[in-house]
Amino acid sequence: MSKFTAQQVAGLLGGKVEGDANAVITKLSKIEEGVSGSLSFLSNLQYAPFLYTTAASVVIIPNDYVLEKPVSATLIRVPEPRASFAVLLEAYNQIKNNKKGIEQPSFIPASAQLGEDVYIGAFVSIGENAVIGKNVKIFANSVIGDNIVIGDDTIIYAGVRIYSDCMIGKHCTIHSGVIIGGDGFGFNPNSENNYKKVPQIGNVIIEDHVEIGSNTTIDRATLGSTIIRKGVKLDNLIQIAHNVEIGENTVIAAQTGISGSTKIGKNCMIGGQVGIVGHLHIGDGVKIAAQSGIGQNLKDNEMVQGSPAFAVGDYRRSYVMFRSLPTKIKELENTIKNQNN
Amino acid sequence: MSKFTAQQVAGLLGGKVEGDANAVITKLSKIEEGVSGSLSFLSNLQYAPFLYTTAASVVIIPNDYVLEKPVSATLIRVPEPRASFAVLLEAYNQIKNNKKGIEQPSFIPASAQLGEDVYIGAFVSIGENAVIGKNVKIFANSVIGDNIVIGDDTIIYAGVRIYSDCMIGKHCTIHSGVIIGGDGFGFNPNSENNYKKVPQIGNVIIEDHVEIGSNTTIDRATLGSTIIRKGVKLDNLIQIAHNVEIGENTVIAAQTGISGSTKIGKNCMIGGQVGIVGHLHIGDGVKIAAQSGIGQNLKDNEMVQGSPAFAVGDYRRSYVMFRSLPTKIKELENTIKNQNN
Amino acid sequence: MSKFTAQQVAGLLGGKVEGDANAVITKLSKIEEGVSGSLSFLSNLQYAPFLYTTAASVVIIPNDYVLEKPVSATLIRVPEPRASFAVLLEAYNQIKNNKKGIEQPSFIPASAQLGEDVYIGAFVSIGENAVIGKNVKIFANSVIGDNIVIGDDTIIYAGVRIYSDCMIGKHCTIHSGVIIGGDGFGFNPNSENNYKKVPQIGNVIIEDHVEIGSNTTIDRATLGSTIIRKGVKLDNLIQIAHNVEIGENTVIAAQTGISGSTKIGKNCMIGGQVGIVGHLHIGDGVKIAAQSGIGQNLKDNEMVQGSPAFAVGDYRRSYVMFRSLPTKIKELENTIKNQNN
């Protein structure tokens, strides 16, 4: 990050400076971790005591906050400090990723089409007939297969692998080590007790505004498409099997696995390390607790926990009993025994 | 895929055309997802209604199927539509992966031996003294370490990393992001309450006809070899620790982890997200339900579930009780109380 | 490994040869897996019977071990065979990884600083202003982002990706496919029921003597740093979320996931496939059984199991009851029924 003065930041945010307008900031920090040269913000008033002790050079505070005592930091008053800080974060992020051009060596066949203002990192390999949209950034060592289409403004970080024939939407963010389009896990047993592979000739379709975390794997469909709908957010190390479909704006935490052909609805929230078996239908707005195992269809807005999972309230009541089971059973046995005496 | 007419496909399959023999197909689809230009098949007669509504241009149907009403698609009659369709899938797959030659730049030392008709993608790095068999395909950005042997007809997709001294069999398929031969996780505590690494100088041996899914990791042995036997199929994001041995034709679903020195038998089926502790012996033909935790040896053909796992039928009966535990205990308490009144 | 004679090895170890001092060894093996040309050791006397049957050419044995019958292998007597064998393993490991120099092509901007005796593999991409310490080895196809600092003597295996602004300590070992510094998983819901990304502008700090297993992912902090303290050992396929801190010498087994902002103490031992929710404080010396789910803070030295986890002894007692639950409940019901008769 370059250097900015409190006055420059206030100008950007439309805020009002109190204190040294020439205070210089070079980084952003939480108020409780403020150091000289950093800019912080105060929004949740639980953190207000830090305002008087922070070493941050500049703090963004609410217009209507009344100081309880003097403050050494320069203050910038705005209507909503959290929103203003988010504006600065966004600006910082854009500066950081603002790469353009084509590094050498890279491998780009004549049949590939590159949009305006793309960035192609060193040792990137692009396939035949690939179509890369405007402002797309593909960082070092990524491999984009044949016939792939990538929409405008998508960021592909270093070391992503996308197999042939897949389609990636606009404004997506795909993190390092993500594998898109590997073969689905399909084998037919044969008479000699071994397995013959079912050819996997479908593809993967990622719609717009999808984010995919590091080392997540999304298999291609056997036939047709594995589909990740608009706005889906996938954390790291998730497994999405062949022919799965994930509905709009569903969010899935790390290390969850979804087996073949399962369809998941819109606006679901799925915890970490969840397993979902194949060929299920999960409704819209479903919430699944971490480490649950889903073995049957779920209706809209169900909230479940356990392996196998059932209604979250029931699970918790059963688990409370499970914890006290040795005591509980002993009590019952004693009560019965005492009745006999 | 190139273009084919119904007549050409029927010729390939030894089938009989009904309808427009010049109908053109460019892709394969399920019958319920048929679009103009696609070829589908009807095998399971539950799907027969789709035959009369599909937009597919050509449908493969059984010789003995009797039409209930007129059909717009061109039909190809064969004895076994599913098998015929599989032939087409296989052909499609082979065309898709039919790459040969050595892309530039790639890194191939003079001491490495390359078999006939290999494909080496861009930015592939091959180690000293590596021996690569006939028809092997190594896609972009993969790294093959020193002294590695890879058997004929094996496919290594983009971005695989194989550490030095490992051996890969014939007809294997290794998907993107797979790591073979990383150090086993071995550390000895020492007096200062920290850890000294145990050098890991063994290797990994992958036998023939093994398939390994995306981002799966297989650690090298401390001494000796971690061994994946013939015909084993591993899904994505699986962890295989040092000195593990997996028997022939065992199939393991995604995100399962197997700890150090455990030996697994032949023809086992292990579900997703299973954990198996170290130094165990798992027999042949064992079936382990998803998300189970295995803490003790299993005999041939055992079927287990739970964490820790026990016989699957017993687990399910216990789990049914667990679900109704609050009700059940309440009932017992009430019965006892009523006896007292 | 090169060739050595028993005499040379004995010289290195300060041991005494019995038998053919010219016996040649080219590899190391366990005594029960010994082959001609291999060197083994006998430490645990349970393995003593193998001494008389092994095909190993040379075996290291304790000074005070009394032979029960003649042995065909050459023997080397030392005070502590296990320690001597470890010296040989270490020597082997160092020879194996003893690469130096800069392979071509690699991508190293003028602003990057490289220490003495570094090794940079083919297709490695290094970012602007990166500072690489002495004796650092970065194997093929790894990507080191802008402004990264890597301490002396650290090994980065093939295909590691480190995002910009992260710091790696001295004497670390980072295995293939590790992703350091991907964005934390932070999204704010907005009025249209979709999500706006929270920019992730912090970094990751890895201290000295840390080992990180294949395909593990460590996300950067939203603000501030995700911190892996000195001596931490992480196995494969682990997920460490944004702003997590892991204390000194804590060891974590494969496929465990730790959610955002959780702080873990020193000298903990965390099993495989454990899930820990966000914003928790886990004390020093805590032990967590495999597959546990941690949903609340843990004090120093607690030992827990289960999902959600509680004290390991209590968990096991409850689980014993769970296993026999159908029988137990039946017994209670029968006892009550019989009282009524």
# chains A, B, ... in the order shown; residues from 1 in each chain; ligands from 1

call {"tool": "interface_residues", "arguments": {"of": "chain C", "to": "chain B", "cutoff": "7 Å", "atoms": "only C-alpha atoms", "output": "CSV table (one decimal) with N, CA, C and O atoms, in the first residue's frame"}}
result
chain,number,residue,atom,x,y,z
C,29,SER,N,16.8,-50.5,4.8
C,29,SER,CA,15.6,-51.3,4.9
C,29,SER,C,15.3,-51.6,6.3
C,29,SER,O,16.1,-51.6,7.2
C,30,LYS,N,14.0,-52.0,6.6
C,30,LYS,CA,13.7,-52.6,7.9
C,30,LYS,C,14.3,-54.0,7.9
C,30,LYS,O,14.4,-54.7,6.9
C,89,LEU,N,19.8,-42.3,7.9
C,89,LEU,CA,18.6,-41.8,7.3
C,89,LEU,C,18.8,-40.3,6.9
C,89,LEU,O,18.5,-39.8,5.8
C,90,GLU,N,19.3,-39.6,7.9
C,90,GLU,CA,19.5,-38.1,7.8
C,90,GLU,C,20.5,-37.9,6.6
C,90,GLU,O,20.2,-37.0,5.8
C,93,ASN,N,18.9,-38.5,3.3
C,93,ASN,CA,17.9,-37.5,3.0
C,93,ASN,C,18.6,-36.2,2.4
C,93,ASN,O,18.2,-35.6,1.5
C,122,ALA,N,12.7,-25.7,-12.3
C,122,ALA,CA,12.1,-25.3,-13.5
C,122,ALA,C,10.7,-24.8,-13.3
C,122,ALA,O,10.0,-25.3,-12.5
C,123,PHE,N,10.4,-23.7,-14.0
C,123,PHE,CA,9.0,-23.2,-14.1
C,123,PHE,C,8.5,-22.6,-12.7
C,123,PHE,O,7.3,-22.5,-12.4
C,140,ALA,N,10.3,-27.5,-8.6
C,140,ALA,CA,9.6,-27.1,-9.9
C,140,ALA,C,8.2,-26.6,-9.7
C,140,ALA,O,7.4,-27.2,-8.9
C,141,ASN,N,7.8,-25.6,-10.5
C,141,ASN,CA,6.4,-25.2,-10.7
C,141,ASN,C,5.8,-24.6,-9.4
C,141,ASN,O,4.6,-24.4,-9.4
C,158,ALA,N,7.7,-29.2,-4.9
C,158,ALA,CA,7.1,-28.8,-6.2
C,158,ALA,C,5.6,-28.4,-6.1
C,158,ALA,O,4.8,-29.1,-5.4
C,175,HIS,N,5.3,-29.0,1.8
C,175,HIS,CA,5.1,-30.0,0.8
C,175,HIS,C,4.2,-29.6,-0.4
C,175,HIS,O,3.5,-28.6,-0.3
C,176,SER,N,4.3,-30.4,-1.4
C,176,SER,CA,3.6,-30.1,-2.7
C,176,SER,C,2.1,-29.8,-2.5
C,176,SER,O,1.5,-30.4,-1.7
C,177,GLY,N,1.7,-28.9,-3.3
C,177,GLY,CA,0.2,-28.6,-3.3
C,177,GLY,C,-0.3,-27.8,-2.2
C,177,GLY,O,-1.4,-27.4,-2.1
C,214,SER,N,1.2,-32.2,2.3
C,214,SER,CA,0.7,-32.0,1.0
C,214,SER,C,-0.7,-31.5,0.9
C,214,SER,O,-1.6,-32.0,1.6
C,215,ASN,N,-1.0,-30.5,0.1
C,215,ASN,CA,-2.3,-30.0,-0.2
C,215,ASN,C,-3.1,-29.4,1.0
C,215,ASN,O,-4.3,-29.2,0.9
C,231,GLY,N,7.7,-24.6,15.2
C,231,GLY,CA,7.7,-26.1,15.5
C,231,GLY,C,6.4,-26.8,15.3
C,231,GLY,O,6.3,-28.0,15.5
C,235,ASP,N,-0.2,-32.1,9.1
C,235,ASP,CA,-0.2,-33.2,8.1
C,235,ASP,C,-0.9,-32.8,6.8
C,235,ASP,O,-1.1,-31.6,6.6
C,236,ASN,N,-1.3,-33.7,6.0
C,236,ASN,CA,-1.8,-33.4,4.7
C,236,ASN,C,-3.3,-32.9,4.7
C,236,ASN,O,-4.0,-33.3,5.6
C,249,ASN,N,4.8,-26.0,18.6
C,249,ASN,CA,4.9,-27.4,18.7
C,249,ASN,C,3.6,-28.2,18.8
C,249,ASN,O,3.6,-29.3,19.2
C,322,PHE,N,-24.2,-46.5,24.2
C,322,PHE,CA,-24.8,-46.3,22.8
C,322,PHE,C,-24.8,-47.6,22.1
C,322,PHE,O,-25.8,-48.0,21.5
C,323,ARG,N,-23.7,-48.3,22.1
C,323,ARG,CA,-23.5,-49.6,21.4
C,323,ARG,C,-24.6,-50.6,21.9
C,323,ARG,O,-25.1,-51.4,21.1
C,325,LEU,N,-27.4,-49.9,23.5
C,325,LEU,CA,-28.6,-49.2,23.8
C,325,LEU,C,-29.9,-50.0,23.5
C,325,LEU,O,-30.8,-50.1,24.4
C,326,PRO,N,-30.0,-50.7,22.4
C,326,PRO,CA,-31.3,-51.5,22.2
C,326,PRO,C,-31.5,-52.5,23.2
C,326,PRO,O,-32.6,-52.7,23.8

call {"tool": "residues_around", "arguments": {"residues": "Val118 in chain B", "least_positions_apart": "3", "cutoff": "7 Å", "atoms": "only C-alpha atoms", "output": "number ranges by chain"}}
result
B: 100-101, 114-115, 134-137

call {"tool": "calpha_fit_and_write", "arguments": {"fixed": "chain C", "moving": "chain A", "output": "compact mmCIF listing (two decimals) with C-alpha atoms, in the first residue's frame"}}
result
# COMPACT_ATOMS: atom_id res chain seq x y z
CA MET A 1 22.22 -43.84 -2.83
CA SER A 2 25.78 -44.62 -3.71
CA LYS A 3 27.60 -47.78 -2.61
CA PHE A 4 29.21 -48.10 0.81
CA THR A 5 31.02 -50.94 2.56
CA ALA A 6 30.19 -52.14 6.07
CA GLN A 7 33.61 -50.80 7.11
CA GLN A 8 32.80 -47.31 5.77
CA VAL A 9 29.43 -47.23 7.54
CA ALA A 10 31.01 -48.46 10.80
CA GLY A 11 33.60 -45.70 10.48
CA LEU A 12 30.87 -43.08 10.05
CA LEU A 13 28.97 -44.38 13.07
CA GLY A 14 31.95 -45.17 15.27
CA GLY A 15 30.86 -48.83 15.38
CA LYS A 16 32.67 -52.19 15.35
CA VAL A 17 32.32 -54.63 12.43
CA GLU A 18 31.73 -58.36 12.93
CA GLY A 19 31.88 -60.43 9.75
CA ASP A 20 32.68 -59.31 6.19
CA ALA A 21 33.87 -55.70 6.46
CA ASN A 22 33.70 -55.42 2.65
CA ALA A 23 29.98 -56.22 2.41
CA VAL A 24 28.42 -53.63 0.13
CA ILE A 25 25.17 -51.79 0.86
CA THR A 26 23.20 -49.60 -1.53
CA LYS A 27 19.95 -49.00 0.39
CA LEU A 28 18.32 -48.96 3.81
CA SER A 29 15.52 -51.28 4.90
CA LYS A 30 13.63 -52.60 7.90
CA ILE A 31 15.12 -55.82 9.23
CA GLU A 32 11.99 -57.78 8.33
CA GLU A 33 12.15 -56.45 4.76
CA GLY A 34 15.90 -56.82 4.30
CA VAL A 35 17.22 -57.75 0.86
CA SER A 36 20.71 -58.35 -0.48
CA GLY A 37 22.53 -55.03 -0.51
CA SER A 38 20.42 -53.43 2.19
CA LEU A 39 21.41 -52.24 5.65
CA SER A 40 19.01 -52.73 8.57
CA PHE A 41 19.10 -52.32 12.33
CA LEU A 42 17.95 -54.24 15.41
CA SER A 43 16.82 -52.16 18.37
CA ASN A 44 13.53 -53.55 19.71
CA LEU A 45 14.45 -57.13 20.69
CA GLN A 46 10.99 -58.35 19.68
CA TYR A 47 12.47 -58.22 16.19
CA ALA A 48 15.56 -60.26 17.15
CA PRO A 49 14.36 -63.45 15.38
CA PHE A 50 14.60 -61.57 12.07
CA LEU A 51 18.33 -61.12 12.67
CA TYR A 52 18.84 -64.80 11.95
CA THR A 53 16.69 -64.92 8.82
CA THR A 54 17.07 -61.48 7.19
CA ALA A 55 18.57 -61.21 3.73
CA ALA A 56 20.01 -57.80 4.61
CA SER A 57 23.75 -57.61 3.94
CA VAL A 58 24.53 -55.54 7.03
CA VAL A 59 22.67 -55.14 10.34
CA ILE A 60 23.41 -52.58 13.07
CA ILE A 61 22.96 -54.21 16.51
CA PRO A 62 23.43 -53.12 20.15
CA ASN A 63 26.90 -53.44 21.70
CA ASP A 64 25.58 -55.72 24.40
CA TYR A 65 23.40 -58.01 22.31
CA VAL A 66 24.45 -61.68 22.68
CA LEU A 67 24.03 -63.77 19.55
CA GLU A 68 21.94 -66.92 20.00
CA LYS A 69 23.25 -68.58 16.84
CA PRO A 70 25.34 -67.72 13.77
CA VAL A 71 24.25 -64.84 11.52
CA SER A 72 24.90 -64.51 7.79
CA ALA A 73 24.74 -60.70 7.70
CA THR A 74 27.70 -58.55 8.56
CA LEU A 75 27.07 -56.90 11.94
CA ILE A 76 27.97 -53.41 13.12
CA ARG A 77 27.84 -52.98 16.87
CA VAL A 78 26.98 -49.52 18.27
CA PRO A 79 25.57 -48.27 21.60
CA GLU A 80 22.19 -47.25 20.15
CA PRO A 81 21.28 -48.83 16.80
CA ARG A 82 18.12 -46.75 16.31
CA ALA A 83 20.03 -43.49 16.72
CA SER A 84 22.79 -44.70 14.41
CA PHE A 85 20.27 -45.69 11.77
CA ALA A 86 18.67 -42.25 12.08
CA VAL A 87 22.07 -40.71 11.32
CA LEU A 88 22.21 -42.74 8.10
CA LEU A 89 18.64 -41.79 7.17
CA GLU A 90 19.49 -38.14 7.68
CA ALA A 91 22.61 -38.44 5.52
CA TYR A 92 20.59 -40.19 2.80
CA ASN A 93 17.96 -37.48 2.87
CA GLN A 94 20.51 -34.72 2.56
CA ILE A 95 22.19 -36.36 -0.41
CA LYS A 96 18.81 -36.80 -2.10
CA ASN A 97 17.77 -33.16 -1.79
CA ASN A 98 21.15 -31.66 -2.44
CA LYS A 99 20.20 -29.50 -5.42
CA LYS A 100 21.60 -26.05 -6.18
CA GLY A 101 21.37 -23.45 -8.89
CA ILE A 102 18.62 -21.93 -10.97
CA GLU A 103 16.90 -24.05 -13.61
CA GLN A 104 15.75 -22.48 -16.88
CA PRO A 105 13.20 -21.29 -17.63
CA SER A 106 12.18 -19.74 -14.33
CA PHE A 107 10.57 -16.35 -13.69
CA ILE A 108 12.53 -14.15 -11.30
CA PRO A 109 12.00 -10.38 -11.45
CA ALA A 110 14.93 -8.03 -10.87
CA SER A 111 13.38 -6.82 -7.61
CA ALA A 112 13.56 -10.29 -6.01
CA GLN A 113 16.54 -11.11 -3.79
CA LEU A 114 18.00 -14.62 -3.77
CA GLY A 115 20.26 -15.83 -0.94
CA GLU A 116 23.41 -17.91 -1.39
CA ASP A 117 23.19 -21.49 -2.55
CA VAL A 118 19.49 -21.40 -3.37
CA TYR A 119 17.88 -23.93 -5.70
CA ILE A 120 15.12 -22.70 -8.00
CA GLY A 121 13.44 -25.41 -10.07
CA ALA A 122 12.09 -25.15 -13.61
CA PHE A 123 8.93 -23.06 -14.12
CA VAL A 124 9.10 -21.50 -10.67
CA SER A 125 7.56 -18.03 -10.60
CA ILE A 126 8.80 -15.56 -8.01
CA GLY A 127 7.04 -12.29 -7.23
CA GLU A 128 8.22 -8.70 -7.07
CA ASN A 129 10.33 -7.81 -4.03
CA ALA A 130 10.42 -11.39 -2.74
CA VAL A 131 13.35 -12.14 -0.41
CA ILE A 132 14.60 -15.74 -0.53
CA GLY A 133 17.07 -16.80 2.21
CA LYS A 134 20.25 -18.86 2.06
CA ASN A 135 20.08 -22.53 1.08
CA VAL A 136 16.41 -22.26 0.30
CA LYS A 137 15.20 -24.88 -2.20
CA ILE A 138 12.14 -24.13 -4.30
CA PHE A 139 11.21 -27.07 -6.52
CA ALA A 140 9.60 -27.00 -9.95
CA ASN A 141 6.39 -25.10 -10.73
CA SER A 142 6.03 -23.41 -7.35
CA VAL A 143 4.67 -19.87 -7.27
CA ILE A 144 5.98 -17.38 -4.73
CA GLY A 145 3.93 -14.16 -4.66
CA ASP A 146 4.97 -10.52 -4.34
CA ASN A 147 6.72 -9.27 -1.19
CA ILE A 148 7.17 -12.73 0.32
CA VAL A 149 10.02 -13.41 2.71
CA ILE A 150 11.38 -16.98 3.01
CA GLY A 151 13.92 -17.76 5.76
CA ASP A 152 17.18 -19.67 5.39
CA ASP A 153 17.27 -23.45 4.84
CA THR A 154 13.60 -23.79 4.04
CA ILE A 155 12.47 -26.40 1.46
CA ILE A 156 9.48 -25.68 -0.76
CA TYR A 157 8.54 -28.75 -2.78
CA ALA A 158 7.06 -28.74 -6.28
CA GLY A 159 3.82 -26.94 -6.94
CA VAL A 160 3.42 -24.90 -3.76
CA ARG A 161 1.53 -21.60 -4.07
CA ILE A 162 2.20 -18.74 -1.66
CA TYR A 163 0.09 -15.61 -2.15
CA SER A 164 1.61 -12.15 -1.79
CA ASP A 165 2.80 -10.59 1.47
CA CYS A 166 3.19 -13.84 3.45
CA MET A 167 6.24 -14.66 5.58
CA ILE A 168 7.85 -18.10 5.87
CA GLY A 169 10.43 -18.85 8.58
CA LYS A 170 13.72 -20.71 8.59
CA HIS A 171 14.13 -24.49 8.40
CA CYS A 172 10.56 -25.02 7.26
CA THR A 173 9.44 -27.85 4.96
CA ILE A 174 6.44 -27.13 2.77
CA HIS A 175 5.09 -30.00 0.70
CA SER A 176 3.61 -30.05 -2.79
CA GLY A 177 0.23 -28.50 -3.37
CA VAL A 178 0.21 -26.44 -0.17
CA ILE A 179 -1.65 -23.14 -0.61
CA ILE A 180 -0.64 -20.34 1.74
CA GLY A 181 -2.47 -17.04 1.81
CA GLY A 182 -5.66 -17.66 -0.13
CA ASP A 183 -8.50 -15.36 0.84
CA GLY A 184 -10.31 -16.06 4.09
CA PHE A 185 -13.91 -17.20 3.64
CA GLY A 186 -15.70 -14.00 4.59
CA PHE A 187 -18.95 -12.79 3.07
CA ASN A 188 -21.62 -10.47 4.35
CA PRO A 189 -25.23 -11.21 3.40
CA ASN A 190 -26.97 -8.25 1.83
CA SER A 191 -30.58 -7.33 1.25
CA GLU A 192 -30.96 -9.29 -2.00
CA ASN A 193 -30.14 -12.54 -0.20
CA ASN A 194 -26.75 -12.81 -1.81
CA TYR A 195 -23.27 -12.15 -0.50
CA LYS A 196 -20.70 -9.41 -0.67
CA LYS A 197 -17.11 -10.46 -0.17
CA VAL A 198 -15.19 -9.04 2.77
CA PRO A 199 -11.78 -8.04 1.37
CA GLN A 200 -9.03 -10.18 2.89
CA ILE A 201 -5.96 -7.99 3.16
CA GLY A 202 -4.01 -9.62 5.99
CA ASN A 203 -1.32 -12.25 5.49
CA VAL A 204 0.02 -15.56 6.81
CA ILE A 205 3.08 -15.83 9.04
CA ILE A 206 4.79 -19.23 9.29
CA GLU A 207 7.49 -19.29 11.96
CA ASP A 208 10.66 -21.44 12.02
CA HIS A 209 10.84 -25.26 11.94
CA VAL A 210 7.28 -25.68 10.70
CA GLU A 211 6.37 -28.63 8.44
CA ILE A 212 3.25 -28.48 6.27
CA GLY A 213 1.88 -31.57 4.48
CA SER A 214 0.71 -31.92 0.89
CA ASN A 215 -2.35 -29.97 -0.29
CA THR A 216 -2.93 -28.30 3.09
CA THR A 217 -4.49 -24.82 2.80
CA ILE A 218 -3.82 -21.85 5.07
CA ASP A 219 -5.91 -18.74 4.46
CA ARG A 220 -4.66 -15.20 4.92
CA ALA A 221 -6.15 -13.04 7.69
CA THR A 222 -8.93 -10.59 6.97
CA LEU A 223 -6.77 -8.02 8.74
CA GLY A 224 -3.60 -8.84 10.65
CA SER A 225 -2.10 -12.32 10.34
CA THR A 226 -2.92 -16.01 10.40
CA ILE A 227 -0.01 -17.35 12.47
CA ILE A 228 1.61 -20.80 12.58
CA ARG A 229 4.10 -20.74 15.47
CA LYS A 230 7.53 -22.30 15.70
CA GLY A 231 7.76 -26.07 15.46
CA VAL A 232 4.16 -26.73 14.41
CA LYS A 233 3.67 -29.88 12.30
CA LEU A 234 0.68 -30.03 9.96
CA ASP A 235 -0.20 -33.20 8.04
CA ASN A 236 -1.84 -33.35 4.58
CA LEU A 237 -5.15 -31.79 3.44
CA ILE A 238 -5.65 -29.65 6.54
CA GLN A 239 -7.69 -26.46 6.38
CA ILE A 240 -6.57 -23.46 8.45
CA ALA A 241 -8.96 -20.52 8.13
CA HIS A 242 -8.31 -16.79 8.34
CA ASN A 243 -6.89 -15.29 11.53
CA VAL A 244 -6.27 -18.66 13.16
CA GLU A 245 -3.23 -18.92 15.41
CA ILE A 246 -1.57 -22.26 16.20
CA GLY A 247 0.81 -22.41 19.18
CA GLU A 248 4.36 -23.76 19.28
CA ASN A 249 4.98 -27.44 18.62
CA THR A 250 1.34 -28.32 18.18
CA VAL A 251 0.85 -31.34 15.91
CA ILE A 252 -2.24 -31.79 13.73
CA ALA A 253 -3.15 -34.92 11.75
CA ALA A 254 -4.56 -35.05 8.24
CA GLN A 255 -7.86 -33.57 7.03
CA THR A 256 -8.56 -31.54 10.15
CA GLY A 257 -10.20 -28.13 9.70
CA ILE A 258 -9.92 -25.08 11.93
CA SER A 259 -12.40 -22.25 11.43
CA GLY A 260 -11.75 -18.52 11.45
CA SER A 261 -10.12 -16.68 14.37
CA THR A 262 -9.67 -19.73 16.61
CA LYS A 263 -6.51 -19.67 18.73
CA ILE A 264 -4.85 -22.99 19.58
CA GLY A 265 -2.25 -23.33 22.33
CA LYS A 266 1.18 -24.90 22.51
CA ASN A 267 2.00 -28.61 22.47
CA CYS A 268 -1.47 -29.75 21.49
CA MET A 269 -2.08 -33.03 19.66
CA ILE A 270 -5.05 -32.91 17.33
CA GLY A 271 -6.21 -36.06 15.53
CA GLY A 272 -7.28 -36.45 11.93
CA GLN A 273 -10.60 -35.19 10.50
CA VAL A 274 -11.26 -33.01 13.54
CA GLY A 275 -13.37 -29.89 13.01
CA ILE A 276 -13.00 -26.83 15.23
CA VAL A 277 -15.50 -23.99 14.96
CA GLY A 278 -14.48 -20.36 14.80
CA HIS A 279 -13.56 -17.83 17.48
CA LEU A 280 -12.57 -20.45 20.10
CA HIS A 281 -9.65 -20.57 22.49
CA ILE A 282 -8.00 -23.98 22.83
CA GLY A 283 -5.49 -24.19 25.70
CA ASP A 284 -1.98 -25.63 25.81
CA GLY A 285 -1.37 -29.37 25.82
CA VAL A 286 -4.89 -30.21 24.67
CA LYS A 287 -5.48 -33.62 23.05
CA ILE A 288 -8.38 -34.04 20.62
CA ALA A 289 -9.38 -37.50 19.32
CA ALA A 290 -9.79 -38.07 15.58
CA GLN A 291 -13.12 -37.03 13.96
CA SER A 292 -14.11 -34.91 16.97
CA GLY A 293 -16.06 -31.68 16.57
CA ILE A 294 -15.03 -28.86 18.88
CA GLY A 295 -17.72 -26.28 19.59
CA GLN A 296 -16.46 -24.61 22.75
CA ASN A 297 -13.26 -23.40 24.42
CA LEU A 298 -10.95 -26.01 25.92
CA LYS A 299 -8.73 -25.52 28.97
CA ASP A 300 -5.08 -26.54 29.18
CA ASN A 301 -4.48 -30.29 28.98
CA GLU A 302 -8.08 -31.29 28.33
CA MET A 303 -8.53 -34.56 26.42
CA VAL A 304 -11.75 -34.71 24.44
CA GLN A 305 -13.63 -36.83 21.92
CA GLY A 306 -16.97 -36.78 20.08
CA SER A 307 -18.98 -34.44 17.92
CA PRO A 308 -19.63 -32.26 19.82
CA ALA A 309 -16.66 -33.33 21.93
CA PHE A 310 -16.46 -33.80 25.70
CA ALA A 311 -14.02 -35.50 28.12
CA VAL A 312 -12.57 -38.56 26.39
CA GLY A 313 -13.30 -40.97 29.28
CA ASP A 314 -16.91 -39.84 29.49
CA TYR A 315 -17.26 -40.08 25.73
CA ARG A 316 -16.05 -43.66 25.72
CA ARG A 317 -18.40 -44.64 28.55
CA SER A 318 -21.33 -43.04 26.72
CA TYR A 319 -20.33 -44.76 23.50
CA VAL A 320 -20.19 -48.17 25.20
CA MET A 321 -23.77 -47.52 26.31
CA PHE A 322 -24.71 -46.38 22.79
CA ARG A 323 -23.47 -49.65 21.33
CA SER A 324 -25.60 -51.72 23.69
CA LEU A 325 -28.55 -49.32 23.73
CA PRO A 326 -31.18 -51.55 22.08
CA THR A 327 -30.33 -54.40 24.51
CA LYS A 328 -30.12 -52.11 27.50
CA ILE A 329 -33.46 -50.42 26.93
CA LYS A 330 -35.10 -53.78 26.24
CA GLU A 331 -33.71 -55.15 29.52
CA LEU A 332 -35.06 -52.20 31.46
CA GLU A 333 -38.47 -52.52 29.82
CA ASN A 334 -38.56 -56.24 30.57
CA THR A 335 -37.53 -55.76 34.19
CA ILE A 336 -40.28 -53.19 34.66
CA LYS A 337 -42.83 -55.39 32.92
CA ASN A 338 -41.88 -58.37 35.07
CA GLN A 339 -42.32 -56.30 38.22
CA ASN A 340 -45.87 -55.63 37.13
CA ASN A 341 -46.59 -59.34 36.82

call {"tool": "select_by_dssp", "arguments": {"residues": "range 43-140 of chain C", "states": "strand (DSSP E)", "output": "list of chain:residue names"}}
result
C:Val58, C:Val59, C:Ile60, C:Ile61, C:Pro62, C:Thr74, C:Leu75, C:Ile76, C:Arg77, C:Val78, C:Gly101, C:Ile102, C:Gln113, C:Leu114, C:Tyr119, C:Ile120, C:Ser125, C:Ile126, C:Val131, C:Ile132, C:Lys137, C:Ile138

call {"tool": "select_by_dssp", "arguments": {"residues": "range 1-45 of chain A", "states": "alpha helix (DSSP H)", "output": "list in words"}}
result
Ala6, Gln7, Gln8, Val9, Ala10, Gly11, Leu12 and Leu13 of chain A
